[in-house]
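See below for the structure under consideration.
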Amino acid sequence: MDPLHDRLHRTLQARKAKGRLRRLTSQETPFQSTTNSAVIELSSNDYLGLAASTELKEEFRNTIATQTTLASTGSRLLSGNLFLAERLERRACTFFNSAAALFCPSGYEANVAIFSCLPNEQDIVLHDALVHASVHTGLRASRCRSRRAFAHNDLHDFQSQLTKATREITGRPPGHDGIVIVAVESLYSMDGDLAPIHAMLELMQQINPDARMVIDEAHATGIYGPGGRGASYDIRYDLAHLVCARLHTLGKALAGTGAIIICTSTMRLYLLNYARGLIYSTFASTPTLAHAYASFALLASGRLSDRTNQLWRCIKYTSECLLRLPGTSAFIVPAELNGPIVPIRTEDTLALSKYLHRKGFRVMSVRYPTVPQGEERVRLCLRADLDLCVIDNLMQTLLEYADLSSNITSAKL
């Protein structure tokens, strides 16, 4: 008898009974964007269609050809501070017009680095209820004793929470003050909606000018803002100082790897001194950095503008098609699209995702605990390299599923 193994098995069986067991799926079949392919990928974050592109492969080959070693050989603070990392960070500073930038091996690790060491025991962290899991991981590892969620994208609740937190902090005795740190995503990965960042910053300016915001631009980098600089890049000048850090991942629209934290020089040095994941881990390898640099170089050089325009044409066309779909009890589609993420709410996510897959569309069902209970959905992701006829076929397939579901319901009645 192995008590540990038995406990793990029981836990997995309980999750399986609830229909929540996660498994890896094979991707031996190449997923394509045209109607000629066996399966069309609609669950990928490769929004600009760069992952298999000639441009990215060529940029990667050119970048790695100049390197002399494959391994970083150690922590970045020891022997692992490869020149290519500093070159990437300097280019990011220029592109984002920032004082400093810090590369992290993943967006998850970047958020953990920020939220595990920036807040202290006297601070209050306010975060959107749907903020990424990595923020929660970081906060749980931090000294912060007070972290509070405000209703998703709800300005009224945010104002109320900010006012309460500000009064709490200002009412403390001298030496026990702290600050309010706000955590949001610019584009939310599950709902595909944009945060009201400007309105939130205006409230912070009015209620607590000392509060600071951290913005995760993971799903907006390469798509929003001038030159793909993100949805928060063009914040009004008088509000920009309220944003203390922005996180840009390279592994989604840019089809790269890793993430870049845009911040001040002081914050960069602080993270290097206190972010344990950066201190006590072997740094990224040369191929990883070459991949990151190559994807970012395509963005910074302006070579992705055509792909961005193609993506927005696809988003606009899909939005128009969704509006023309007749009402159905089988699923709920968004009234409008703010970007490439299309959440389709349905009670039976597995049935819809399996039906779409049989019809040649690879989509994933998203269930609790990834999303709150009662908000399960099938999540579609649009890409720049999708033919519009694929969208037409998708809409027809959704109509067929709605008719099939209606017939099944009628037969049960």
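Following the order of the structure tokens, chains are lettered A, B, ..., residues in each are numbered from 1, and ligands are numbered from 1.
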
**Request:** Looking only at strand (DSSP E) from DSSP on the backbone, list the matching residues of segment 45-235 of chain A as a PyMOL selection string.
**Result:** chain A and resi 100-104+124-128+146-150+180-185+212-216

Just the selected residues (N, CA and C atoms), exported as an mmCIF file, in the first residue's frame, please.
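In the end it all went to out-v2.cif:
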```
data_model
loop_
_atom_site.group_PDB
_atom_site.id
_atom_site.type_symbol
_atom_site.label_atom_id
_atom_site.label_comp_id
_atom_site.auth_asym_id
_atom_site.auth_seq_id
_atom_site.Cartn_x
_atom_site.Cartn_y
_atom_site.Cartn_z
ATOM 1 N N ALA A 100 13.654 51.035 -18.236
ATOM 2 C CA ALA A 100 14.259 49.722 -18.010
ATOM 3 C C ALA A 100 13.329 48.620 -18.480
ATOM 4 N N ALA A 101 13.919 47.447 -18.700
ATOM 5 C CA ALA A 101 13.161 46.255 -19.083
ATOM 6 C C ALA A 101 13.857 45.043 -18.496
ATOM 7 N N LEU A 102 13.082 44.031 -18.148
ATOM 8 C CA LEU A 102 13.651 42.811 -17.565
ATOM 9 C C LEU A 102 13.008 41.602 -18.218
ATOM 10 N N PHE A 103 13.843 40.737 -18.798
ATOM 11 C CA PHE A 103 13.339 39.524 -19.438
ATOM 12 C C PHE A 103 13.131 38.424 -18.409
ATOM 13 N N CYS A 104 12.015 37.709 -18.530
ATOM 14 C CA CYS A 104 11.726 36.540 -17.688
ATOM 15 C C CYS A 104 11.418 35.362 -18.605
ATOM 16 N N ILE A 124 -1.905 47.147 0.388
ATOM 17 C CA ILE A 124 -3.172 46.509 0.043
ATOM 18 C C ILE A 124 -3.182 46.325 -1.472
ATOM 19 N N VAL A 125 -3.398 45.105 -1.926
ATOM 20 C CA VAL A 125 -3.447 44.814 -3.357
ATOM 21 C C VAL A 125 -4.907 44.629 -3.772
ATOM 22 N N LEU A 126 -5.341 45.422 -4.738
ATOM 23 C CA LEU A 126 -6.662 45.274 -5.329
ATOM 24 C C LEU A 126 -6.482 44.657 -6.711
ATOM 25 N N HIS A 127 -7.192 43.576 -6.976
ATOM 26 C CA HIS A 127 -7.047 42.938 -8.277
ATOM 27 C C HIS A 127 -8.412 42.613 -8.862
ATOM 28 N N ASP A 128 -8.468 42.646 -10.182
ATOM 29 C CA ASP A 128 -9.688 42.241 -10.870
ATOM 30 C C ASP A 128 -9.995 40.783 -10.519
ATOM 31 N N SER A 146 -3.095 41.789 2.834
ATOM 32 C CA SER A 146 -4.436 42.186 2.423
ATOM 33 C C SER A 146 -4.523 42.265 0.907
ATOM 34 N N ARG A 147 -5.187 41.294 0.307
ATOM 35 C CA ARG A 147 -5.434 41.322 -1.128
ATOM 36 C C ARG A 147 -6.924 41.122 -1.360
ATOM 37 N N ARG A 148 -7.498 41.974 -2.187
ATOM 38 C CA ARG A 148 -8.947 42.015 -2.347
ATOM 39 C C ARG A 148 -9.315 42.074 -3.825
ATOM 40 N N ALA A 149 -10.351 41.332 -4.187
ATOM 41 C CA ALA A 149 -10.824 41.312 -5.570
ATOM 42 C C ALA A 149 -11.967 42.300 -5.733
ATOM 43 N N PHE A 150 -11.963 43.004 -6.866
ATOM 44 C CA PHE A 150 -13.124 43.813 -7.228
ATOM 45 C C PHE A 150 -13.796 43.152 -8.427
ATOM 46 N N VAL A 180 -1.448 51.304 -2.117
ATOM 47 C CA VAL A 180 -2.407 50.441 -2.808
ATOM 48 C C VAL A 180 -1.816 50.064 -4.166
ATOM 49 N N ILE A 181 -1.757 48.773 -4.458
ATOM 50 C CA ILE A 181 -1.271 48.276 -5.745
ATOM 51 C C ILE A 181 -2.451 47.617 -6.460
ATOM 52 N N VAL A 182 -2.674 48.004 -7.703
ATOM 53 C CA VAL A 182 -3.806 47.516 -8.486
ATOM 54 C C VAL A 182 -3.294 46.588 -9.586
ATOM 55 N N ALA A 183 -3.900 45.420 -9.707
ATOM 56 C CA ALA A 183 -3.485 44.441 -10.720
ATOM 57 C C ALA A 183 -4.617 44.199 -11.709
ATOM 58 N N VAL A 184 -4.340 44.417 -12.996
ATOM 59 C CA VAL A 184 -5.326 44.185 -14.049
ATOM 60 C C VAL A 184 -4.646 43.573 -15.275
ATOM 61 N N GLU A 185 -5.449 43.027 -16.154
ATOM 62 C CA GLU A 185 -4.997 42.655 -17.495
ATOM 63 C C GLU A 185 -5.617 43.641 -18.467
ATOM 64 N N ARG A 212 -0.595 52.602 -7.279
ATOM 65 C CA ARG A 212 0.113 52.251 -8.507
ATOM 66 C C ARG A 212 -0.530 51.006 -9.139
ATOM 67 N N MET A 213 -0.473 50.948 -10.463
ATOM 68 C CA MET A 213 -1.102 49.855 -11.212
ATOM 69 C C MET A 213 -0.059 49.025 -11.948
ATOM 70 N N VAL A 214 -0.266 47.713 -11.960
ATOM 71 C CA VAL A 214 0.513 46.782 -12.770
ATOM 72 C C VAL A 214 -0.421 46.229 -13.839
ATOM 73 N N ILE A 215 -0.019 46.336 -15.106
ATOM 74 C CA ILE A 215 -0.868 45.919 -16.222
ATOM 75 C C ILE A 215 -0.231 44.744 -16.954
ATOM 76 N N ASP A 216 -0.988 43.673 -17.060
ATOM 77 C CA ASP A 216 -0.545 42.494 -17.814
ATOM 78 C C ASP A 216 -1.061 42.621 -19.247
#
```

**Asked** So which bits of segment 173-381 of chain A end up alpha helix (DSSP H) when you DSSP the backbone, as an MDAnalysis selection string?
**Response** chainID A and resid 197:207 265:274 276:279 286:300 305:324 349:358

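Our summary of the geometry notes that atom CA of Leu82 of chain A is positioned 10.3 Å from atom CA of Leu70 of chain A.
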
**Message:** What's around Ile260 of chain A at 9 Å? Count only C-alpha atoms, leave out sequence neighbours fewer than 3 positions away in its own chain, and write the answer as an MDAnalysis selection string.
**Reply:** chainID A and resid 89 92 101:107 110 246:250

Just N, CA and C atoms for this one: save the residues we selected as a PDB file, in the first residue's frame.
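Below is the file that was written, again13.pdb:
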```pdb
ATOM      1  N   GLU A  89      16.652  43.402 -23.961  1.00  0.00           N
ATOM      2  CA  GLU A  89      16.107  44.396 -23.021  1.00  0.00           C
ATOM      3  C   GLU A  89      16.361  45.824 -23.489  1.00  0.00           C
ATOM      4  N   ALA A  92      13.888  46.524 -26.139  1.00  0.00           N
ATOM      5  CA  ALA A  92      12.564  46.712 -25.555  1.00  0.00           C
ATOM      6  C   ALA A  92      12.439  48.103 -24.951  1.00  0.00           C
ATOM      7  N   ALA A 101      13.919  47.447 -18.700  1.00  0.00           N
ATOM      8  CA  ALA A 101      13.161  46.255 -19.083  1.00  0.00           C
ATOM      9  C   ALA A 101      13.857  45.043 -18.496  1.00  0.00           C
ATOM     10  N   LEU A 102      13.082  44.031 -18.148  1.00  0.00           N
ATOM     11  CA  LEU A 102      13.651  42.811 -17.565  1.00  0.00           C
ATOM     12  C   LEU A 102      13.008  41.602 -18.218  1.00  0.00           C
ATOM     13  N   PHE A 103      13.843  40.737 -18.798  1.00  0.00           N
ATOM     14  CA  PHE A 103      13.339  39.524 -19.438  1.00  0.00           C
ATOM     15  C   PHE A 103      13.131  38.424 -18.409  1.00  0.00           C
ATOM     16  N   CYS A 104      12.015  37.709 -18.530  1.00  0.00           N
ATOM     17  CA  CYS A 104      11.726  36.540 -17.688  1.00  0.00           C
ATOM     18  C   CYS A 104      11.418  35.362 -18.605  1.00  0.00           C
ATOM     19  N   PRO A 105      11.730  34.159 -18.185  1.00  0.00           N
ATOM     20  CA  PRO A 105      11.525  32.978 -19.049  1.00  0.00           C
ATOM     21  C   PRO A 105      10.071  32.702 -19.420  1.00  0.00           C
ATOM     22  N   SER A 106       9.110  33.237 -18.658  1.00  0.00           N
ATOM     23  CA  SER A 106       7.697  33.061 -18.994  1.00  0.00           C
ATOM     24  C   SER A 106       6.883  34.198 -18.400  1.00  0.00           C
ATOM     25  N   GLY A 107       5.683  34.386 -18.944  1.00  0.00           N
ATOM     26  CA  GLY A 107       4.787  35.389 -18.393  1.00  0.00           C
ATOM     27  C   GLY A 107       4.363  35.022 -16.985  1.00  0.00           C
ATOM     28  N   ALA A 110       7.069  35.995 -14.684  1.00  0.00           N
ATOM     29  CA  ALA A 110       7.151  37.444 -14.575  1.00  0.00           C
ATOM     30  C   ALA A 110       6.128  37.974 -13.571  1.00  0.00           C
ATOM     31  N   ARG A 246       4.488  47.189 -16.671  1.00  0.00           N
ATOM     32  CA  ARG A 246       3.676  46.533 -17.695  1.00  0.00           C
ATOM     33  C   ARG A 246       4.391  45.253 -18.101  1.00  0.00           C
ATOM     34  N   LEU A 247       3.600  44.213 -18.269  1.00  0.00           N
ATOM     35  CA  LEU A 247       4.161  42.909 -18.610  1.00  0.00           C
ATOM     36  C   LEU A 247       3.756  42.556 -20.041  1.00  0.00           C
ATOM     37  N   HIS A 248       4.743  42.287 -20.881  1.00  0.00           N
ATOM     38  CA  HIS A 248       4.495  41.922 -22.281  1.00  0.00           C
ATOM     39  C   HIS A 248       5.035  40.521 -22.528  1.00  0.00           C
ATOM     40  N   THR A 249       4.151  39.576 -22.815  1.00  0.00           N
ATOM     41  CA  THR A 249       4.627  38.228 -23.131  1.00  0.00           C
ATOM     42  C   THR A 249       4.946  38.134 -24.622  1.00  0.00           C
ATOM     43  N   LEU A 250       5.902  37.288 -24.925  1.00  0.00           N
ATOM     44  CA  LEU A 250       6.344  37.102 -26.307  1.00  0.00           C
ATOM     45  C   LEU A 250       5.816  35.800 -26.910  1.00  0.00           C
TER      46      LEU A 250
END
```

**Prompt:** Hey, what's within 12 Å of segment 323-332 of chain A if we count only C-alpha atoms and toss same-chain stuff fewer than 2 positions away? As a ChimeraX atom specification, please?
**Reply:** /A:316-321,334-337,342-349,351-353,375-379,392,394-409

**Request:** Find the residues around Ile179 of chain A up to 10 Å (only C-alpha atoms counted), leave out those fewer than 2 positions away in its own chain, and share them as number ranges by chain.
**Result:** A: 119-120, 122-125, 165-166, 169-170, 177, 181-182, 208, 210-212

**Message:** Can you measure atom CA of Lys252 of chain A to atom CA of Arg358 of chain A for me? One decimal in Å is fine.
**Reply:**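 Value for the atom CA of Lys252 of chain A-atom CA of Arg358 of chain A distance: 26.2 Å.
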
**Exercise: Asp193 of chain A partners within 12 Å, only C-alpha atoms, chain neighbours under 2 positions left out, as a list in words** = Leu130, His152, Asn153, Val184, Glu185, Ser186, Leu187, Tyr188, Ser189, Met190, Asp191, Ala195, Pro196, Ile197, His219, Ala220, Ala231, Pro334, Ala335, Glu336, Leu337, Asn338, Gly339, Pro340, Ile341, Val342 and Pro343 of chain A

Hey, can you spit out that residue selection with C-alpha atoms as a PDB file, in the first residue's frame?
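File again-v9.pdb, as written:
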```pdb
ATOM      1  CA  LEU A 130     -10.572  37.493 -13.273  1.00  0.00           C
ATOM      2  CA  HIS A 152     -14.596  42.159 -13.127  1.00  0.00           C
ATOM      3  CA  ASN A 153     -14.248  45.432 -15.063  1.00  0.00           C
ATOM      4  CA  VAL A 184      -5.326  44.185 -14.049  1.00  0.00           C
ATOM      5  CA  GLU A 185      -4.997  42.655 -17.495  1.00  0.00           C
ATOM      6  CA  SER A 186      -5.476  44.909 -20.499  1.00  0.00           C
ATOM      7  CA  LEU A 187      -7.217  42.139 -22.493  1.00  0.00           C
ATOM      8  CA  TYR A 188      -8.712  39.265 -20.516  1.00  0.00           C
ATOM      9  CA  SER A 189      -7.878  35.859 -21.893  1.00  0.00           C
ATOM     10  CA  MET A 190     -11.154  34.087 -21.150  1.00  0.00           C
ATOM     11  CA  ASP A 191     -13.776  36.785 -21.803  1.00  0.00           C
ATOM     12  CA  ALA A 195     -10.127  46.620 -18.995  1.00  0.00           C
ATOM     13  CA  PRO A 196     -11.285  50.264 -18.569  1.00  0.00           C
ATOM     14  CA  ILE A 197      -7.704  51.255 -17.776  1.00  0.00           C
ATOM     15  CA  HIS A 219      -2.892  38.975 -24.858  1.00  0.00           C
ATOM     16  CA  ALA A 220      -2.662  42.534 -26.210  1.00  0.00           C
ATOM     17  CA  ALA A 231      -3.554  48.515 -25.110  1.00  0.00           C
ATOM     18  CA  PRO A 334     -20.646  37.789 -27.560  1.00  0.00           C
ATOM     19  CA  ALA A 335     -22.548  40.868 -28.749  1.00  0.00           C
ATOM     20  CA  GLU A 336     -19.289  42.365 -30.033  1.00  0.00           C
ATOM     21  CA  LEU A 337     -15.646  41.407 -30.282  1.00  0.00           C
ATOM     22  CA  ASN A 338     -12.872  43.509 -28.737  1.00  0.00           C
ATOM     23  CA  GLY A 339     -10.146  41.302 -30.134  1.00  0.00           C
ATOM     24  CA  PRO A 340      -9.276  37.791 -31.293  1.00  0.00           C
ATOM     25  CA  ILE A 341     -10.804  35.916 -28.334  1.00  0.00           C
ATOM     26  CA  VAL A 342     -14.353  34.609 -28.910  1.00  0.00           C
ATOM     27  CA  PRO A 343     -16.003  33.067 -25.834  1.00  0.00           C
TER      28      PRO A 343
END
```

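Distance annotation: of A:Ala294, A:Ala52, A:Leu388, A:Ala151, the residue with the minimal separation from Leu84 of chain A is A:Ala294; atom set is only C-alpha atoms.
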
**Prompt:** Any idea what's packed within 9 Å of Ser44 of chain A, counting only C-alpha atoms, ignoring anything in its chain fewer than 2 positions away? Could you give it as a PyMOL selection string?
**Reply:** chain A and resi 41-42+46-47+252+363+380-383

Residue selection dump (N, CA and C atoms) as a compact mmCIF listing (two decimals), in the first residue's frame:
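part.txt written:
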```
# COMPACT_ATOMS: atom_id res chain seq x y z
N GLU A 41 -6.99 24.82 -36.55
CA GLU A 41 -6.69 25.21 -35.18
C GLU A 41 -7.39 26.51 -34.81
N LEU A 42 -8.25 26.44 -33.79
CA LEU A 42 -8.95 27.63 -33.32
C LEU A 42 -8.82 27.78 -31.80
N ASP A 46 -1.63 31.97 -31.10
CA ASP A 46 -0.79 32.46 -32.20
C ASP A 46 -1.60 33.43 -33.07
N TYR A 47 -2.01 34.54 -32.48
CA TYR A 47 -2.97 35.45 -33.10
C TYR A 47 -2.52 36.00 -34.45
N LYS A 252 2.63 34.66 -27.28
CA LYS A 252 1.26 34.60 -27.80
C LYS A 252 1.24 35.17 -29.22
N VAL A 363 -11.09 23.19 -31.12
CA VAL A 363 -11.35 24.20 -30.09
C VAL A 363 -11.32 23.50 -28.74
N LEU A 380 -12.80 30.32 -28.67
CA LEU A 380 -12.21 30.35 -30.00
C LEU A 380 -11.18 31.47 -30.08
N CYS A 381 -10.12 31.24 -30.81
CA CYS A 381 -9.09 32.26 -31.01
C CYS A 381 -8.89 32.50 -32.50
N LEU A 382 -9.07 33.73 -32.91
CA LEU A 382 -8.89 34.09 -34.31
C LEU A 382 -7.43 34.36 -34.60
N ARG A 383 -7.07 34.21 -35.89
CA ARG A 383 -5.69 34.44 -36.29
C ARG A 383 -5.64 35.21 -37.60
```
